[in-house]
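Student: Take a look at this one; I'll ask things after.
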Amino acid sequence: MRVYLHEITEQGTELKFGQDDTWAPAAVARADEQSPQPRKGTRPLEGRIFLRKVDEVVVLDGNLRTEVELLCSRCATPFALACSPNFQTLLCRDPAMAGIAHVDKDKQGRSTGKVVGRLHGHARHAHDFEGQDQKNADLDITYLAEDWIELGDVVTEQVQLLVPFQPLCEEGCKGICANCGADLNKGRCACSKLQKNSPFSALKNLRVPASHS
Ligand SMILES: [Zn+2]
Ligand SMILES: [Zn+2]
């Protein structure tokens, strides 16, 4: 979904999208991890993006509720993680402006629409504000190489920012046995009887010759 800069006004435009707008689920799917069992059916997806122009800068506000398909880092089971990014990004065609700046806020914490702050640096990403104090938060300006904004790219990036480094199918996932490959969430394997006491007892046999005095 491409929005051309000349279509964006100072009053702004709100775009709502959902699972039936093919570009949106495709954009979320780019953040999925490759699964041997691809997801069946449609994923829940509901989002909105508000675009407005402030001088030479495009202010993009948005939020999104969806699910991303991940593989558990311990047991490799595919699972869906609820993902609801809430974001604000500044975009600009002028490379000199693409630096550190932020949208000014009034006493009620509402955006005044004025972009203030130092304009230097080369940082690329806007911050994710979910659950954070938005007051006076610095926002980077992303340089736009074209005279349009690809909303799919914005959605993919915002979902990727919320994908954990080591996703877990559930908080206490027991993983798979390193010895026999059994899924330990489904019960203990025979190996646990061999390894008395501690799951690390096998490490006793792996001791590196120590340099004692
Ligand atoms: Zn797991
Ligand atoms: Zn085992």
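Following the order of the structure tokens, first chain is A, next is B, and so on, with residues numbered from 1 inside each chain and ligands from 1 in the order they appear.
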Write out as a ChimeraX atom specification which residues come within 6 Å of range 89-95 of chain A when counting only C-alpha atoms, dropping same-chain ones fewer than 2 positions away.
Tutor: /A:57-60,97-98,126,141-144
Student: Those selected residues, please, written with C-alpha atoms and delivered as a tab-separated table (two decimals), in the first residue's frame.
Tutor:
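Everything below was put into part14.tsv:
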chain	number	residue	atom	x	y	z
A	57	VAL	CA	8.10	16.20	7.77
A	58	VAL	CA	5.47	13.47	7.58
A	59	VAL	CA	4.23	12.39	11.00
A	60	LEU	CA	3.02	8.81	11.00
A	97	MET	CA	16.80	16.85	8.36
A	98	ALA	CA	16.92	13.11	8.85
A	126	ALA	CA	11.70	5.66	15.38
A	141	ILE	CA	13.50	11.25	11.42
A	142	THR	CA	13.67	8.52	8.87
A	143	TYR	CA	14.98	9.57	5.52
A	144	LEU	CA	12.59	8.80	2.67
Student: Per DSSP on the backbone, what are the strand (DSSP E) residues of range 33-81 of chain A, as a VMD selection string?
Tutor: chain A and resid 45 to 54 57 to 71 78 to 81
Student: Filtering to N, CA and C atoms, could you give me those residues as a PDB file, in the first residue's frame?
Tutor:
ATOM      1  N   LEU A  45      -6.112  -9.347  12.483  1.00  0.00           N
ATOM      2  CA  LEU A  45      -5.370  -8.137  12.132  1.00  0.00           C
ATOM      3  C   LEU A  45      -6.308  -6.949  12.076  1.00  0.00           C
ATOM      4  N   GLU A  46      -5.933  -5.924  12.803  1.00  0.00           N
ATOM      5  CA  GLU A  46      -6.720  -4.702  12.832  1.00  0.00           C
ATOM      6  C   GLU A  46      -5.734  -3.570  13.079  1.00  0.00           C
ATOM      7  N   GLY A  47      -5.787  -2.545  12.255  1.00  0.00           N
ATOM      8  CA  GLY A  47      -4.824  -1.473  12.456  1.00  0.00           C
ATOM      9  C   GLY A  47      -5.296  -0.150  11.895  1.00  0.00           C
ATOM     10  N   ARG A  48      -4.593   0.888  12.314  1.00  0.00           N
ATOM     11  CA  ARG A  48      -4.852   2.215  11.745  1.00  0.00           C
ATOM     12  C   ARG A  48      -3.536   2.981  11.686  1.00  0.00           C
ATOM     13  N   ILE A  49      -3.443   3.801  10.674  1.00  0.00           N
ATOM     14  CA  ILE A  49      -2.273   4.662  10.527  1.00  0.00           C
ATOM     15  C   ILE A  49      -2.788   6.058  10.209  1.00  0.00           C
ATOM     16  N   PHE A  50      -2.279   7.031  10.933  1.00  0.00           N
ATOM     17  CA  PHE A  50      -2.672   8.421  10.698  1.00  0.00           C
ATOM     18  C   PHE A  50      -1.451   9.146  10.146  1.00  0.00           C
ATOM     19  N   LEU A  51      -1.639   9.783   8.996  1.00  0.00           N
ATOM     20  CA  LEU A  51      -0.530  10.461   8.326  1.00  0.00           C
ATOM     21  C   LEU A  51      -0.849  11.939   8.207  1.00  0.00           C
ATOM     22  N   ARG A  52       0.111  12.782   8.615  1.00  0.00           N
ATOM     23  CA  ARG A  52      -0.100  14.211   8.377  1.00  0.00           C
ATOM     24  C   ARG A  52       1.245  14.866   8.124  1.00  0.00           C
ATOM     25  N   LYS A  53       1.152  16.036   7.525  1.00  0.00           N
ATOM     26  CA  LYS A  53       2.356  16.746   7.131  1.00  0.00           C
ATOM     27  C   LYS A  53       2.594  17.907   8.082  1.00  0.00           C
ATOM     28  N   VAL A  54       3.809  18.045   8.563  1.00  0.00           N
ATOM     29  CA  VAL A  54       4.200  19.205   9.380  1.00  0.00           C
ATOM     30  C   VAL A  54       5.438  19.784   8.698  1.00  0.00           C
ATOM     31  N   VAL A  57       8.059  17.499   7.106  1.00  0.00           N
ATOM     32  CA  VAL A  57       8.103  16.197   7.770  1.00  0.00           C
ATOM     33  C   VAL A  57       6.725  15.538   7.735  1.00  0.00           C
ATOM     34  N   VAL A  58       6.707  14.242   7.490  1.00  0.00           N
ATOM     35  CA  VAL A  58       5.471  13.471   7.580  1.00  0.00           C
ATOM     36  C   VAL A  58       5.460  12.784   8.944  1.00  0.00           C
ATOM     37  N   VAL A  59       4.377  13.023   9.692  1.00  0.00           N
ATOM     38  CA  VAL A  59       4.231  12.392  10.998  1.00  0.00           C
ATOM     39  C   VAL A  59       3.291  11.201  10.824  1.00  0.00           C
ATOM     40  N   LEU A  60       3.786  10.042  11.154  1.00  0.00           N
ATOM     41  CA  LEU A  60       3.016   8.806  10.999  1.00  0.00           C
ATOM     42  C   LEU A  60       2.748   8.233  12.382  1.00  0.00           C
ATOM     43  N   ASP A  61       1.466   8.197  12.762  1.00  0.00           N
ATOM     44  CA  ASP A  61       1.058   7.590  14.028  1.00  0.00           C
ATOM     45  C   ASP A  61       0.284   6.328  13.702  1.00  0.00           C
ATOM     46  N   GLY A  62       0.481   5.300  14.473  1.00  0.00           N
ATOM     47  CA  GLY A  62      -0.289   4.104  14.172  1.00  0.00           C
ATOM     48  C   GLY A  62      -0.330   3.120  15.302  1.00  0.00           C
ATOM     49  N   ASN A  63      -1.280   2.216  15.190  1.00  0.00           N
ATOM     50  CA  ASN A  63      -1.285   1.063  16.083  1.00  0.00           C
ATOM     51  C   ASN A  63      -1.892  -0.097  15.339  1.00  0.00           C
ATOM     52  N   LEU A  64      -1.686  -1.256  15.931  1.00  0.00           N
ATOM     53  CA  LEU A  64      -1.960  -2.471  15.188  1.00  0.00           C
ATOM     54  C   LEU A  64      -2.104  -3.602  16.187  1.00  0.00           C
ATOM     55  N   ARG A  65      -3.100  -4.454  15.939  1.00  0.00           N
ATOM     56  CA  ARG A  65      -3.271  -5.668  16.751  1.00  0.00           C
ATOM     57  C   ARG A  65      -3.230  -6.847  15.813  1.00  0.00           C
ATOM     58  N   THR A  66      -2.287  -7.721  16.041  1.00  0.00           N
ATOM     59  CA  THR A  66      -2.202  -8.883  15.173  1.00  0.00           C
ATOM     60  C   THR A  66      -1.464 -10.005  15.892  1.00  0.00           C
ATOM     61  N   GLU A  67      -1.105 -11.017  15.142  1.00  0.00           N
ATOM     62  CA  GLU A  67      -0.315 -12.120  15.681  1.00  0.00           C
ATOM     63  C   GLU A  67       0.826 -12.405  14.733  1.00  0.00           C
ATOM     64  N   VAL A  68       1.958 -12.758  15.291  1.00  0.00           N
ATOM     65  CA  VAL A  68       3.100 -13.127  14.470  1.00  0.00           C
ATOM     66  C   VAL A  68       3.425 -14.588  14.765  1.00  0.00           C
ATOM     67  N   GLU A  69       3.786 -15.319  13.702  1.00  0.00           N
ATOM     68  CA  GLU A  69       4.067 -16.751  13.832  1.00  0.00           C
ATOM     69  C   GLU A  69       5.544 -16.948  14.147  1.00  0.00           C
ATOM     70  N   LEU A  70       5.812 -17.588  15.280  1.00  0.00           N
ATOM     71  CA  LEU A  70       7.199 -17.784  15.688  1.00  0.00           C
ATOM     72  C   LEU A  70       7.462 -19.250  15.982  1.00  0.00           C
ATOM     73  N   LEU A  71       8.740 -19.575  16.123  1.00  0.00           N
ATOM     74  CA  LEU A  71       9.128 -20.918  16.545  1.00  0.00           C
ATOM     75  C   LEU A  71       9.749 -20.786  17.924  1.00  0.00           C
ATOM     76  N   PRO A  78       5.924 -24.339  16.540  1.00  0.00           N
ATOM     77  CA  PRO A  78       5.399 -23.072  16.013  1.00  0.00           C
ATOM     78  C   PRO A  78       4.264 -22.558  16.909  1.00  0.00           C
ATOM     79  N   PHE A  79       4.221 -21.278  17.126  1.00  0.00           N
ATOM     80  CA  PHE A  79       3.130 -20.703  17.919  1.00  0.00           C
ATOM     81  C   PHE A  79       2.864 -19.276  17.460  1.00  0.00           C
ATOM     82  N   ALA A  80       1.667 -18.787  17.778  1.00  0.00           N
ATOM     83  CA  ALA A  80       1.293 -17.424  17.410  1.00  0.00           C
ATOM     84  C   ALA A  80       1.473 -16.519  18.613  1.00  0.00           C
ATOM     85  N   LEU A  81       2.199 -15.425  18.442  1.00  0.00           N
ATOM     86  CA  LEU A  81       2.410 -14.465  19.519  1.00  0.00           C
ATOM     87  C   LEU A  81       1.569 -13.219  19.240  1.00  0.00           C
TER      88      LEU A  81
END
Student: Find, counting only C-alpha atoms, the residue in A:Leu161, A:Ala145, A:Cys191, A:Ala29 that gets nearest to Leu5 in chain A.
Tutor: A:Ala145
Student: Counting only C-alpha atoms and all ligand atoms, which residues of chain A fall within 6 Å of ligand 1, and what is the closest atom pair for each with its distance in Å at one decimal, ordered by chain and rising number, as CSV?
Tutor:
residue,atom,partner,partner_atom_place_in_ligand_line,distance
A:Cys72,CA,ligand 1,1 (Zn),4.6
A:Arg74,CA,ligand 1,1 (Zn),5.1
A:Cys75,CA,ligand 1,1 (Zn),4.1
A:Thr77,CA,ligand 1,1 (Zn),5.7
A:Leu168,CA,ligand 1,1 (Zn),5.3
A:Cys169,CA,ligand 1,1 (Zn),4.3
A:Cys173,CA,ligand 1,1 (Zn),4.6
A:Gly175,CA,ligand 1,1 (Zn),5.5
Student: What is the distance, in Å and to one decimal place, between CA of Thr156 in chain A and CA of Val28 in chain A?
Tutor: 5.3 Å
Student: Which chain A residues have any atom within 8 Å of an atom of ligand 2, and for each, what is the nearest pair of atoms with distance in Å to one decimal, counting only C-alpha atoms and all ligand atoms, rows sorted by chain and number, as JSON lines?
Tutor:
{"residue": "A:Ile176", "atom": "CA", "partner": "ligand 2", "partner_atom_place_in_ligand_line": "1 (Zn)", "distance": 7.7}
{"residue": "A:Cys177", "atom": "CA", "partner": "ligand 2", "partner_atom_place_in_ligand_line": "1 (Zn)", "distance": 4.5}
{"residue": "A:Ala178", "atom": "CA", "partner": "ligand 2", "partner_atom_place_in_ligand_line": "1 (Zn)", "distance": 6.6}
{"residue": "A:Asn179", "atom": "CA", "partner": "ligand 2", "partner_atom_place_in_ligand_line": "1 (Zn)", "distance": 4.9}
{"residue": "A:Cys180", "atom": "CA", "partner": "ligand 2", "partner_atom_place_in_ligand_line": "1 (Zn)", "distance": 4.0}
{"residue": "A:Gly181", "atom": "CA", "partner": "ligand 2", "partner_atom_place_in_ligand_line": "1 (Zn)", "distance": 6.0}
{"residue": "A:Ala182", "atom": "CA", "partner": "ligand 2", "partner_atom_place_in_ligand_line": "1 (Zn)", "distance": 5.6}
{"residue": "A:Arg188", "atom": "CA", "partner": "ligand 2", "partner_atom_place_in_ligand_line": "1 (Zn)", "distance": 7.5}
{"residue": "A:Cys189", "atom": "CA", "partner": "ligand 2", "partner_atom_place_in_ligand_line": "1 (Zn)", "distance": 4.6}
{"residue": "A:Ala190", "atom": "CA", "partner": "ligand 2", "partner_atom_place_in_ligand_line": "1 (Zn)", "distance": 5.7}
{"residue": "A:Cys191", "atom": "CA", "partner": "ligand 2", "partner_atom_place_in_ligand_line": "1 (Zn)", "distance": 4.2}
{"residue": "A:Ser192", "atom": "CA", "partner": "ligand 2", "partner_atom_place_in_ligand_line": "1 (Zn)", "distance": 6.4}
Student: What is the CA of Val3 in chain A-CA of Asp147 in chain A distance in Å, reported with one decimal?
Tutor: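 Atom-to-atom, CA of Val3 in chain A and CA of Asp147 in chain A are spaced 8.8 Å apart.
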Student: List the spatial neighbours of Ala26 in chain A as a PyMOL selection string - criterion: any atom at most 8 Å away, only C-alpha atoms, same-chain residues fewer than 4 positions off excluded.
Tutor: chain A and resi 22+30+152
Student: Please produce a file of the residues just selected, as a compact mmCIF listing (two decimals), in the first residue's frame, where the atoms kept are C-alpha atoms.
Tutor:
# COMPACT_ATOMS: atom_id res chain seq x y z
CA THR A 22 -4.11 -8.17 1.29
CA ARG A 30 7.20 -11.01 6.50
CA GLY A 152 3.61 -2.46 4.31
Student: What does the distance between CA of Asn185 in chain A and CA of Val159 in chain A come to in Å, to one decimal place?
Tutor: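 Straight-line distance from CA of Asn185 in chain A to CA of Val159 in chain A works out to 28.1 Å.
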Student: Go through A:Leu162, A:Ala31, A:Leu184, A:Ile149 one by one, measure the shortest atom-to-atom distance of each to Ile8 in chain A using only C-alpha atoms, and give the residue with the smallest value.
Tutor: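 Nearest to Ile8 in chain A: A:Ile149.
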